[in-house]
$ cat upload-v6.pdb   # PDB, C-alpha atoms
ATOM      1  CA  MET A  25      36.309 -39.500 -75.808  1.00  0.00           C
ATOM      2  CA  LYS A  26      37.099 -40.126 -72.170  1.00  0.00           C
ATOM      3  CA  PRO A  27      34.329 -41.666 -70.141  1.00  0.00           C
ATOM      4  CA  ASN A  28      32.624 -39.414 -67.527  1.00  0.00           C
ATOM      5  CA  HIS A  29      33.529 -40.717 -64.072  1.00  0.00           C
ATOM      6  CA  ALA A  30      31.913 -37.840 -62.150  1.00  0.00           C
ATOM      7  CA  LYS A  31      29.841 -38.999 -59.174  1.00  0.00           C
ATOM      8  CA  PRO A  32      26.177 -38.090 -59.275  1.00  0.00           C
ATOM      9  CA  ALA A  33      24.961 -35.526 -56.721  1.00  0.00           C
ATOM     10  CA  THR A  34      23.489 -37.256 -53.725  1.00  0.00           C
ATOM     11  CA  GLY A  35      21.777 -34.260 -52.146  1.00  0.00           C
ATOM     12  CA  GLY A  36      23.087 -35.425 -48.755  1.00  0.00           C
ATOM     13  CA  PHE A  37      22.941 -33.450 -45.502  1.00  0.00           C
ATOM     14  CA  THR A  38      26.434 -32.012 -44.996  1.00  0.00           C
ATOM     15  CA  GLY A  39      28.123 -31.080 -41.773  1.00  0.00           C
ATOM     16  CA  TRP A  40      27.821 -27.428 -42.735  1.00  0.00           C
ATOM     17  CA  ASP A  41      24.046 -27.780 -43.134  1.00  0.00           C
ATOM     18  CA  LEU A  42      23.841 -29.426 -39.717  1.00  0.00           C
ATOM     19  CA  LEU A  43      25.808 -26.599 -38.122  1.00  0.00           C
ATOM     20  CA  ILE A  44      23.482 -24.002 -39.649  1.00  0.00           C
ATOM     21  CA  CYS A  45      20.415 -25.856 -38.295  1.00  0.00           C
ATOM     22  CA  VAL A  46      21.891 -26.119 -34.811  1.00  0.00           C
ATOM     23  CA  VAL A  47      22.784 -22.423 -34.743  1.00  0.00           C
ATOM     24  CA  THR A  48      19.309 -21.497 -36.016  1.00  0.00           C
ATOM     25  CA  VAL A  49      17.584 -23.548 -33.317  1.00  0.00           C
ATOM     26  CA  LEU A  50      19.778 -22.031 -30.614  1.00  0.00           C
ATOM     27  CA  LEU A  51      19.000 -18.532 -31.852  1.00  0.00           C
ATOM     28  CA  LEU A  52      15.281 -19.263 -31.846  1.00  0.00           C
ATOM     29  CA  LEU A  53      15.477 -20.605 -28.297  1.00  0.00           C
ATOM     30  CA  LEU A  54      17.423 -17.540 -27.208  1.00  0.00           C
ATOM     31  CA  VAL A  55      14.892 -15.191 -28.779  1.00  0.00           C
ATOM     32  CA  GLY A  56      12.041 -17.086 -27.125  1.00  0.00           C
ATOM     33  CA  PHE A  57      13.789 -16.963 -23.762  1.00  0.00           C
ATOM     34  CA  LEU A  58      14.217 -13.214 -24.077  1.00  0.00           C
ATOM     35  CA  LEU A  59      10.780 -12.409 -25.444  1.00  0.00           C
ATOM     36  CA  PHE A  60       8.384 -14.577 -23.436  1.00  0.00           C
ATOM     37  CA  PRO A  61       9.484 -13.405 -19.962  1.00  0.00           C
ATOM     38  CA  ASN A  62       9.169  -9.820 -21.168  1.00  0.00           C
ATOM     39  CA  SER A  63       5.732 -10.597 -22.501  1.00  0.00           C
ATOM     40  CA  GLY A  64       4.741 -12.065 -19.145  1.00  0.00           C
ATOM     41  CA  ARG A  65       6.016  -9.036 -17.283  1.00  0.00           C
ATOM     42  CA  GLY A  66       4.150  -6.841 -19.740  1.00  0.00           C
ATOM     43  CA  LYS A  67       0.882  -8.645 -18.998  1.00  0.00           C
ATOM     44  CA  ILE A  68       1.460  -8.318 -15.253  1.00  0.00           C
ATOM     45  CA  LYS A  69       2.190  -4.615 -15.621  1.00  0.00           C
ATOM     46  CA  ALA A  70      -0.901  -4.112 -17.783  1.00  0.00           C
ATOM     47  CA  SER A  71      -3.134  -5.872 -15.252  1.00  0.00           C
ATOM     48  CA  ARG A  72      -1.844  -3.665 -12.440  1.00  0.00           C
ATOM     49  CA  ILE A  73      -2.430  -0.539 -14.512  1.00  0.00           C
ATOM     50  CA  ASN A  74      -5.971  -1.747 -15.168  1.00  0.00           C
ATOM     51  CA  CYS A  75      -6.398  -2.360 -11.449  1.00  0.00           C
ATOM     52  CA  VAL A  76      -5.178   1.157 -10.617  1.00  0.00           C
ATOM     53  CA  SER A  77      -7.738   2.558 -13.052  1.00  0.00           C
ATOM     54  CA  ASN A  78     -10.474   0.489 -11.402  1.00  0.00           C
ATOM     55  CA  LEU A  79      -9.556   1.702  -7.927  1.00  0.00           C
ATOM     56  CA  LYS A  80      -9.414   5.321  -9.072  1.00  0.00           C
ATOM     57  CA  GLN A  81     -12.967   5.005 -10.381  1.00  0.00           C
ATOM     58  CA  VAL A  82     -14.059   3.289  -7.182  1.00  0.00           C
ATOM     59  CA  GLY A  83     -12.428   5.973  -5.053  1.00  0.00           C
ATOM     60  CA  LEU A  84     -14.071   8.759  -7.030  1.00  0.00           C
ATOM     61  CA  ALA A  85     -17.463   7.020  -6.758  1.00  0.00           C
ATOM     62  CA  PHE A  86     -17.143   6.640  -2.978  1.00  0.00           C
ATOM     63  CA  ARG A  87     -16.163  10.303  -2.646  1.00  0.00           C
ATOM     64  CA  MET A  88     -19.091  11.411  -4.800  1.00  0.00           C
ATOM     65  CA  TRP A  89     -21.438   9.320  -2.636  1.00  0.00           C
ATOM     66  CA  SER A  90     -19.839  10.771   0.476  1.00  0.00           C
ATOM     67  CA  ASN A  91     -20.336  14.333  -0.754  1.00  0.00           C
ATOM     68  CA  ASP A  92     -24.072  13.666  -0.952  1.00  0.00           C
ATOM     69  CA  HIS A  93     -24.197  12.065   2.509  1.00  0.00           C
ATOM     70  CA  TYR A  94     -22.567  14.533   4.901  1.00  0.00           C
ATOM     71  CA  GLU A  95     -19.006  13.439   4.080  1.00  0.00           C
ATOM     72  CA  LYS A  96     -19.643   9.853   5.161  1.00  0.00           C
ATOM     73  CA  PHE A  97     -19.033   6.618   3.251  1.00  0.00           C
ATOM     74  CA  PRO A  98     -21.803   4.009   2.791  1.00  0.00           C
ATOM     75  CA  TRP A  99     -20.709   1.816   5.736  1.00  0.00           C
ATOM     76  CA  GLU A 100     -21.096   4.837   8.040  1.00  0.00           C
ATOM     77  CA  VAL A 101     -24.677   5.534   6.985  1.00  0.00           C
ATOM     78  CA  SER A 102     -27.885   3.649   7.766  1.00  0.00           C
ATOM     79  CA  SER A 103     -29.511   1.490   5.100  1.00  0.00           C
ATOM     80  CA  ASP A 104     -32.959   3.056   5.525  1.00  0.00           C
ATOM     81  CA  ASP A 105     -34.864   4.293   2.486  1.00  0.00           C
ATOM     82  CA  THR A 106     -33.706   7.880   2.960  1.00  0.00           C
ATOM     83  CA  ASN A 107     -29.955   7.284   3.072  1.00  0.00           C
ATOM     84  CA  SER A 108     -29.416   3.901   1.360  1.00  0.00           C
ATOM     85  CA  GLY A 109     -26.188   3.270   3.248  1.00  0.00           C
ATOM     86  CA  THR A 110     -24.714  -0.059   4.359  1.00  0.00           C
ATOM     87  CA  LYS A 111     -23.933   0.490   8.030  1.00  0.00           C
ATOM     88  CA  GLU A 112     -25.906  -2.575   9.093  1.00  0.00           C
ATOM     89  CA  PHE A 113     -23.718  -4.765   6.847  1.00  0.00           C
ATOM     90  CA  ALA A 114     -20.332  -3.332   7.858  1.00  0.00           C
ATOM     91  CA  LEU A 115     -19.365  -6.265  10.095  1.00  0.00           C
ATOM     92  CA  THR A 116     -21.249  -9.059   8.335  1.00  0.00           C
ATOM     93  CA  GLY A 117     -18.680  -9.893   5.666  1.00  0.00           C
ATOM     94  CA  GLU A 118     -21.028  -8.823   2.852  1.00  0.00           C
ATOM     95  CA  VAL A 119     -18.496  -6.420   1.370  1.00  0.00           C
ATOM     96  CA  TRP A 120     -20.224  -6.319  -2.009  1.00  0.00           C
ATOM     97  CA  ARG A 121     -23.061  -4.282  -0.517  1.00  0.00           C
ATOM     98  CA  HIS A 122     -20.756  -1.293   0.047  1.00  0.00           C
ATOM     99  CA  PHE A 123     -19.932  -1.266  -3.660  1.00  0.00           C
ATOM    100  CA  GLN A 124     -23.540  -1.834  -4.651  1.00  0.00           C
ATOM    101  CA  ALA A 125     -24.354   1.389  -2.812  1.00  0.00           C
ATOM    102  CA  ILE A 126     -22.254   3.373  -5.315  1.00  0.00           C
ATOM    103  CA  SER A 127     -23.745   1.776  -8.427  1.00  0.00           C
ATOM    104  CA  ASN A 128     -25.175   5.137  -9.542  1.00  0.00           C
ATOM    105  CA  GLU A 129     -21.720   6.710  -9.299  1.00  0.00           C
ATOM    106  CA  LEU A 130     -19.946   4.005 -11.347  1.00  0.00           C
ATOM    107  CA  SER A 131     -20.272   3.743 -15.121  1.00  0.00           C
ATOM    108  CA  THR A 132     -20.044  -0.061 -15.048  1.00  0.00           C
ATOM    109  CA  ALA A 133     -19.894  -2.870 -12.505  1.00  0.00           C
ATOM    110  CA  ARG A 134     -16.977  -4.428 -14.372  1.00  0.00           C
ATOM    111  CA  VAL A 135     -14.481  -2.148 -12.634  1.00  0.00           C
ATOM    112  CA  LEU A 136     -15.098  -4.138  -9.442  1.00  0.00           C
ATOM    113  CA  ALA A 137     -13.198  -7.156 -10.791  1.00  0.00           C
ATOM    114  CA  CYS A 138      -9.457  -6.892 -11.445  1.00  0.00           C
ATOM    115  CA  SER A 139      -8.376  -8.301 -14.816  1.00  0.00           C
ATOM    116  CA  ASP A 140      -5.656 -10.294 -13.026  1.00  0.00           C
ATOM    117  CA  ASP A 141      -8.178 -11.826 -10.635  1.00  0.00           C
ATOM    118  CA  THR A 142      -9.291 -14.826 -12.669  1.00  0.00           C
ATOM    119  CA  ARG A 143     -11.540 -16.076  -9.859  1.00  0.00           C
ATOM    120  CA  ARG A 144     -13.650 -12.920  -9.848  1.00  0.00           C
ATOM    121  CA  LYS A 145     -15.708 -11.888 -12.882  1.00  0.00           C
ATOM    122  CA  ILE A 146     -18.735  -9.646 -13.275  1.00  0.00           C
ATOM    123  CA  ALA A 147     -20.921  -8.822 -16.258  1.00  0.00           C
ATOM    124  CA  ASP A 148     -23.356  -6.244 -14.882  1.00  0.00           C
ATOM    125  CA  TRP A 149     -25.077  -5.007 -11.740  1.00  0.00           C
ATOM    126  CA  LYS A 150     -27.810  -7.641 -11.998  1.00  0.00           C
ATOM    127  CA  SER A 151     -25.252 -10.399 -11.455  1.00  0.00           C
ATOM    128  CA  PHE A 152     -23.480  -8.506  -8.664  1.00  0.00           C
ATOM    129  CA  THR A 153     -25.098 -10.320  -5.733  1.00  0.00           C
ATOM    130  CA  ASN A 154     -22.236 -11.562  -3.532  1.00  0.00           C
ATOM    131  CA  ASN A 155     -18.508 -11.313  -2.818  1.00  0.00           C
ATOM    132  CA  SER A 156     -17.556 -13.793  -5.545  1.00  0.00           C
ATOM    133  CA  HIS A 157     -17.734 -10.980  -8.114  1.00  0.00           C
ATOM    134  CA  LEU A 158     -15.549  -8.564  -6.149  1.00  0.00           C
ATOM    135  CA  SER A 159     -11.754  -8.070  -6.189  1.00  0.00           C
ATOM    136  CA  TYR A 160     -11.429  -5.246  -3.656  1.00  0.00           C
ATOM    137  CA  PHE A 161     -11.658  -4.560   0.065  1.00  0.00           C
ATOM    138  CA  VAL A 162     -12.963  -1.419   1.758  1.00  0.00           C
ATOM    139  CA  GLY A 163     -11.401   0.383   4.704  1.00  0.00           C
ATOM    140  CA  LEU A 164     -14.101   0.749   7.339  1.00  0.00           C
ATOM    141  CA  ASP A 165     -12.117   3.490   9.091  1.00  0.00           C
ATOM    142  CA  ALA A 166     -11.407   5.541   5.974  1.00  0.00           C
ATOM    143  CA  ASP A 167     -12.164   9.234   6.300  1.00  0.00           C
ATOM    144  CA  GLU A 168     -12.407  11.618   3.355  1.00  0.00           C
ATOM    145  CA  ILE A 169     -10.747  14.437   5.292  1.00  0.00           C
ATOM    146  CA  LYS A 170      -7.876  12.135   6.342  1.00  0.00           C
ATOM    147  CA  PRO A 171      -6.167  11.544   2.984  1.00  0.00           C
ATOM    148  CA  GLN A 172      -3.770   8.754   3.969  1.00  0.00           C
ATOM    149  CA  SER A 173      -6.483   6.465   5.337  1.00  0.00           C
ATOM    150  CA  MET A 174      -7.031   3.299   3.308  1.00  0.00           C
ATOM    151  CA  LEU A 175     -10.308   3.430   1.403  1.00  0.00           C
ATOM    152  CA  SER A 176     -10.056   0.378  -0.857  1.00  0.00           C
ATOM    153  CA  GLY A 177      -7.555  -2.040  -2.340  1.00  0.00           C
ATOM    154  CA  ASP A 178      -6.771  -5.484  -3.730  1.00  0.00           C
ATOM    155  CA  ARG A 179      -8.341  -8.363  -1.830  1.00  0.00           C
ATOM    156  CA  ASN A 180      -5.057 -10.326  -1.626  1.00  0.00           C
ATOM    157  CA  VAL A 181      -3.946  -8.438   1.480  1.00  0.00           C
ATOM    158  CA  THR A 182      -3.351 -10.617   4.532  1.00  0.00           C
ATOM    159  CA  SER A 183      -1.899 -10.571   8.037  1.00  0.00           C
ATOM    160  CA  LYS A 184      -1.118 -12.870  10.958  1.00  0.00           C
ATOM    161  CA  VAL A 185      -4.373 -11.533  12.408  1.00  0.00           C
ATOM    162  CA  LYS A 186      -7.342 -13.679  11.412  1.00  0.00           C
ATOM    163  CA  PRO A 187     -10.347 -11.859   9.942  1.00  0.00           C
ATOM    164  CA  VAL A 188     -13.689 -12.167  11.727  1.00  0.00           C
ATOM    165  CA  ASN A 189     -16.657 -12.281   9.335  1.00  0.00           C
ATOM    166  CA  GLY A 190     -14.311 -11.020   6.656  1.00  0.00           C
ATOM    167  CA  VAL A 191     -13.164  -8.004   8.696  1.00  0.00           C
ATOM    168  CA  LEU A 192      -9.445  -7.692   9.377  1.00  0.00           C
ATOM    169  CA  THR A 193      -8.936  -5.545  12.499  1.00  0.00           C
ATOM    170  CA  LEU A 194      -5.366  -4.284  12.554  1.00  0.00           C
ATOM    171  CA  SER A 195      -3.329  -2.359  15.101  1.00  0.00           C
ATOM    172  CA  ALA A 196       0.099  -0.747  14.866  1.00  0.00           C
ATOM    173  CA  GLY A 197       2.064  -3.942  15.569  1.00  0.00           C
ATOM    174  CA  ASP A 198       0.349  -6.110  12.969  1.00  0.00           C
ATOM    175  CA  PRO A 199       2.401  -6.649   9.784  1.00  0.00           C
ATOM    176  CA  LEU A 200       0.644  -6.844   6.438  1.00  0.00           C
ATOM    177  CA  GLU A 201       1.613  -8.629   3.251  1.00  0.00           C
ATOM    178  CA  TRP A 202       0.237  -9.624  -0.143  1.00  0.00           C
ATOM    179  CA  THR A 203      -0.677 -13.164  -1.139  1.00  0.00           C
ATOM    180  CA  THR A 204      -0.061 -14.677  -4.567  1.00  0.00           C
ATOM    181  CA  ALA A 205      -3.771 -14.552  -5.455  1.00  0.00           C
ATOM    182  CA  ILE A 206      -3.324 -11.367  -7.525  1.00  0.00           C
ATOM    183  CA  HIS A 207      -0.342  -9.415  -8.908  1.00  0.00           C
ATOM    184  CA  ASN A 208       2.279 -11.892  -7.691  1.00  0.00           C
ATOM    185  CA  LYS A 209       2.647 -10.733  -4.074  1.00  0.00           C
ATOM    186  CA  LYS A 210       2.083  -7.082  -4.893  1.00  0.00           C
ATOM    187  CA  GLY A 211      -1.026  -4.956  -4.812  1.00  0.00           C
ATOM    188  CA  ASN A 212      -2.743  -1.598  -5.022  1.00  0.00           C
ATOM    189  CA  VAL A 213      -4.401   0.541  -2.379  1.00  0.00           C
ATOM    190  CA  GLY A 214      -6.835   3.388  -2.957  1.00  0.00           C
ATOM    191  CA  LEU A 215      -6.547   6.206  -0.432  1.00  0.00           C
ATOM    192  CA  ALA A 216      -9.242   8.495   0.921  1.00  0.00           C
ATOM    193  CA  ASP A 217      -7.886  11.435  -1.098  1.00  0.00           C
ATOM    194  CA  GLY A 218      -8.679   9.583  -4.351  1.00  0.00           C
ATOM    195  CA  SER A 219      -5.111   8.548  -5.187  1.00  0.00           C
ATOM    196  CA  VAL A 220      -3.993   4.949  -5.748  1.00  0.00           C
ATOM    197  CA  ALA A 221      -0.632   3.527  -4.671  1.00  0.00           C
ATOM    198  CA  GLN A 222       1.086   0.468  -6.169  1.00  0.00           C
ATOM    199  CA  LEU A 223       2.700  -1.173  -3.168  1.00  0.00           C
ATOM    200  CA  THR A 224       5.200  -3.887  -2.362  1.00  0.00           C
ATOM    201  CA  LYS A 225       5.021  -5.636   1.017  1.00  0.00           C
ATOM    202  CA  ASP A 226       7.331  -3.089   2.683  1.00  0.00           C
ATOM    203  CA  ASN A 227       5.496  -0.104   1.244  1.00  0.00           C
ATOM    204  CA  LEU A 228       2.146  -1.636   2.201  1.00  0.00           C
ATOM    205  CA  ASN A 229       3.225  -1.660   5.840  1.00  0.00           C
ATOM    206  CA  LYS A 230       4.479   1.915   5.594  1.00  0.00           C
ATOM    207  CA  GLN A 231       1.152   2.961   4.125  1.00  0.00           C
ATOM    208  CA  PHE A 232      -0.695   1.184   6.930  1.00  0.00           C
ATOM    209  CA  GLN A 233       1.312   3.104   9.535  1.00  0.00           C
ATOM    210  CA  ALA A 234       0.569   6.336   7.675  1.00  0.00           C
ATOM    211  CA  ALA A 235      -3.133   5.432   7.718  1.00  0.00           C
ATOM    212  CA  LEU A 236      -3.075   4.953  11.500  1.00  0.00           C
ATOM    213  CA  GLN A 237      -1.344   8.295  11.948  1.00  0.00           C
ATOM    214  CA  SER A 238      -3.787   9.973   9.585  1.00  0.00           C
ATOM    215  CA  THR A 239      -6.907   8.709  11.353  1.00  0.00           C
ATOM    216  CA  ARG A 240      -5.346   8.953  14.837  1.00  0.00           C
ATOM    217  CA  GLN A 241      -7.069   5.721  15.759  1.00  0.00           C
ATOM    218  CA  PRO A 242      -5.483   2.617  17.326  1.00  0.00           C
ATOM    219  CA  ILE A 243      -6.970   0.285  14.704  1.00  0.00           C
ATOM    220  CA  HIS A 244      -7.729   0.193  10.986  1.00  0.00           C
ATOM    221  CA  ARG A 245     -10.380  -2.264   9.797  1.00  0.00           C
ATOM    222  CA  LEU A 246     -10.393  -3.776   6.320  1.00  0.00           C
ATOM    223  CA  ALA A 247     -13.512  -5.584   5.092  1.00  0.00           C
ATOM    224  CA  LEU A 248     -12.323  -8.349   2.748  1.00  0.00           C
ATOM    225  CA  PRO A 249     -14.453 -10.119   0.117  1.00  0.00           C
ATOM    226  CA  GLU A 250     -13.463 -13.649   1.150  1.00  0.00           C
TER     227      GLU A 250
END

$ encode --input "upload-v6.pdb" --output "structure tokens"
Amino acid sequence: MKPNHAKPATGGFTGWDLLICVVTVLLLLLVGFLLFPNSGRGKIKASRINCVSNLKQVGLAFRMWSNDHYEKFPWEVSSDDTNSGTKEFALTGEVWRHFQAISNELSTARVLACSDDTRRKIADWKSFTNNSHLSYFVGLDADEIKPQSMLSGDRNVTSKVKPVNGVLTLSAGDPLEWTTAIHNKKGNVGLADGSVAQLTKDNLNKQFQAALQSTRQPIHRLALPE
């Protein structure tokens, strides 16, 4: 009988095995590269949709309040016991008071904080006591019968004009833009007709011009929750 000279199996890692591992890792990296950016964009889109829903509810609440107060918004009405408006606070920077006035018209206070605004959170009306819980501005020159006027919107709006006590007073030549605080240099604006527009910087400025034309006033004031 001839002796068996066969070499025992070593179970070594062959070049073919190495190639398969390298290809697998590259595929996994490629899949991750494709999926994670999409996931991020999906989250951004979802947060803006949530924000649009919030502003629609806010707009409806302001309009309901207005219908019960001679077609005027809270900041146009006195804060006496009869009317419960916020006129006395319009230029103080206490923007939260305008939203507090519509608490009976809103189902929950949580709609006043955008899900993308990680610095602003609110649990209920009891904790809603200052601007730190609020994600949205109000347009002090909004008019329910002038549909293109700016009623509310994301707080990350800014301009070369400096706000005074949180009030940004803008005229036709003042450009607007969005900061990175929310929605990655984009934002949403609720109009006096109850609609909400998702706006880039260019469209924000077009909407501002439309608001000036709609109100036929030389300025448009936005009260920001700084």

$ closest_residue --input "upload-v6.pdb" --among "A:Leu164, A:Ala137, A:Ile206, A:Leu223" --to "A:Leu194" --atoms "only C-alpha atoms"
A:Leu164

$ atom_distance --input "upload-v6.pdb" --atom1 "atom CA of A:Asp198" --atom2 "atom CA of A:Phe232"
9.5 Å

$ atom_distance --input "upload-v6.pdb" --atom1 "atom CA of A:Gly163" --atom2 "atom CA of A:Ala235"
10.1 Å

$ residues_near_point --input "upload-v6.pdb" --point "(-5.1, -4.3, 7.1)" --cutoff "7 Å" --atoms "only C-alpha atoms" --output "compact mmCIF listing (two decimals) with C-alpha atoms, in the coordinates of the input"
# COMPACT_ATOMS: atom_id res chain seq x y z
CA LEU A 192 -9.44 -7.69 9.38
CA THR A 193 -8.94 -5.54 12.50
CA LEU A 194 -5.37 -4.28 12.55
CA LEU A 200 0.64 -6.84 6.44
CA HIS A 244 -7.73 0.19 10.99
CA ARG A 245 -10.38 -2.26 9.80
CA LEU A 246 -10.39 -3.78 6.32

$ resolve_selection --input "upload-v6.pdb" --expression "the PyMOL selection byres ((chain A and resi 242) around 7)" --output "ChimeraX atom specification"
/A:195-196,236,240-241,243

$ closest_residue --input "upload-v6.pdb" --among "A:Asp104, A:Lys80, A:Ala234, A:His207" --to "A:Thr142" --atoms "all atoms listed in the file"
A:His207

$ resolve_selection --input "upload-v6.pdb" --expression "the PyMOL selection byres ((chain A and resi 167) around 12)" --output "MDAnalysis selection string"
chainID A and resid 83 86:87 90:91 94:100 162:166 168:176 215:218 235:236 238:241 244
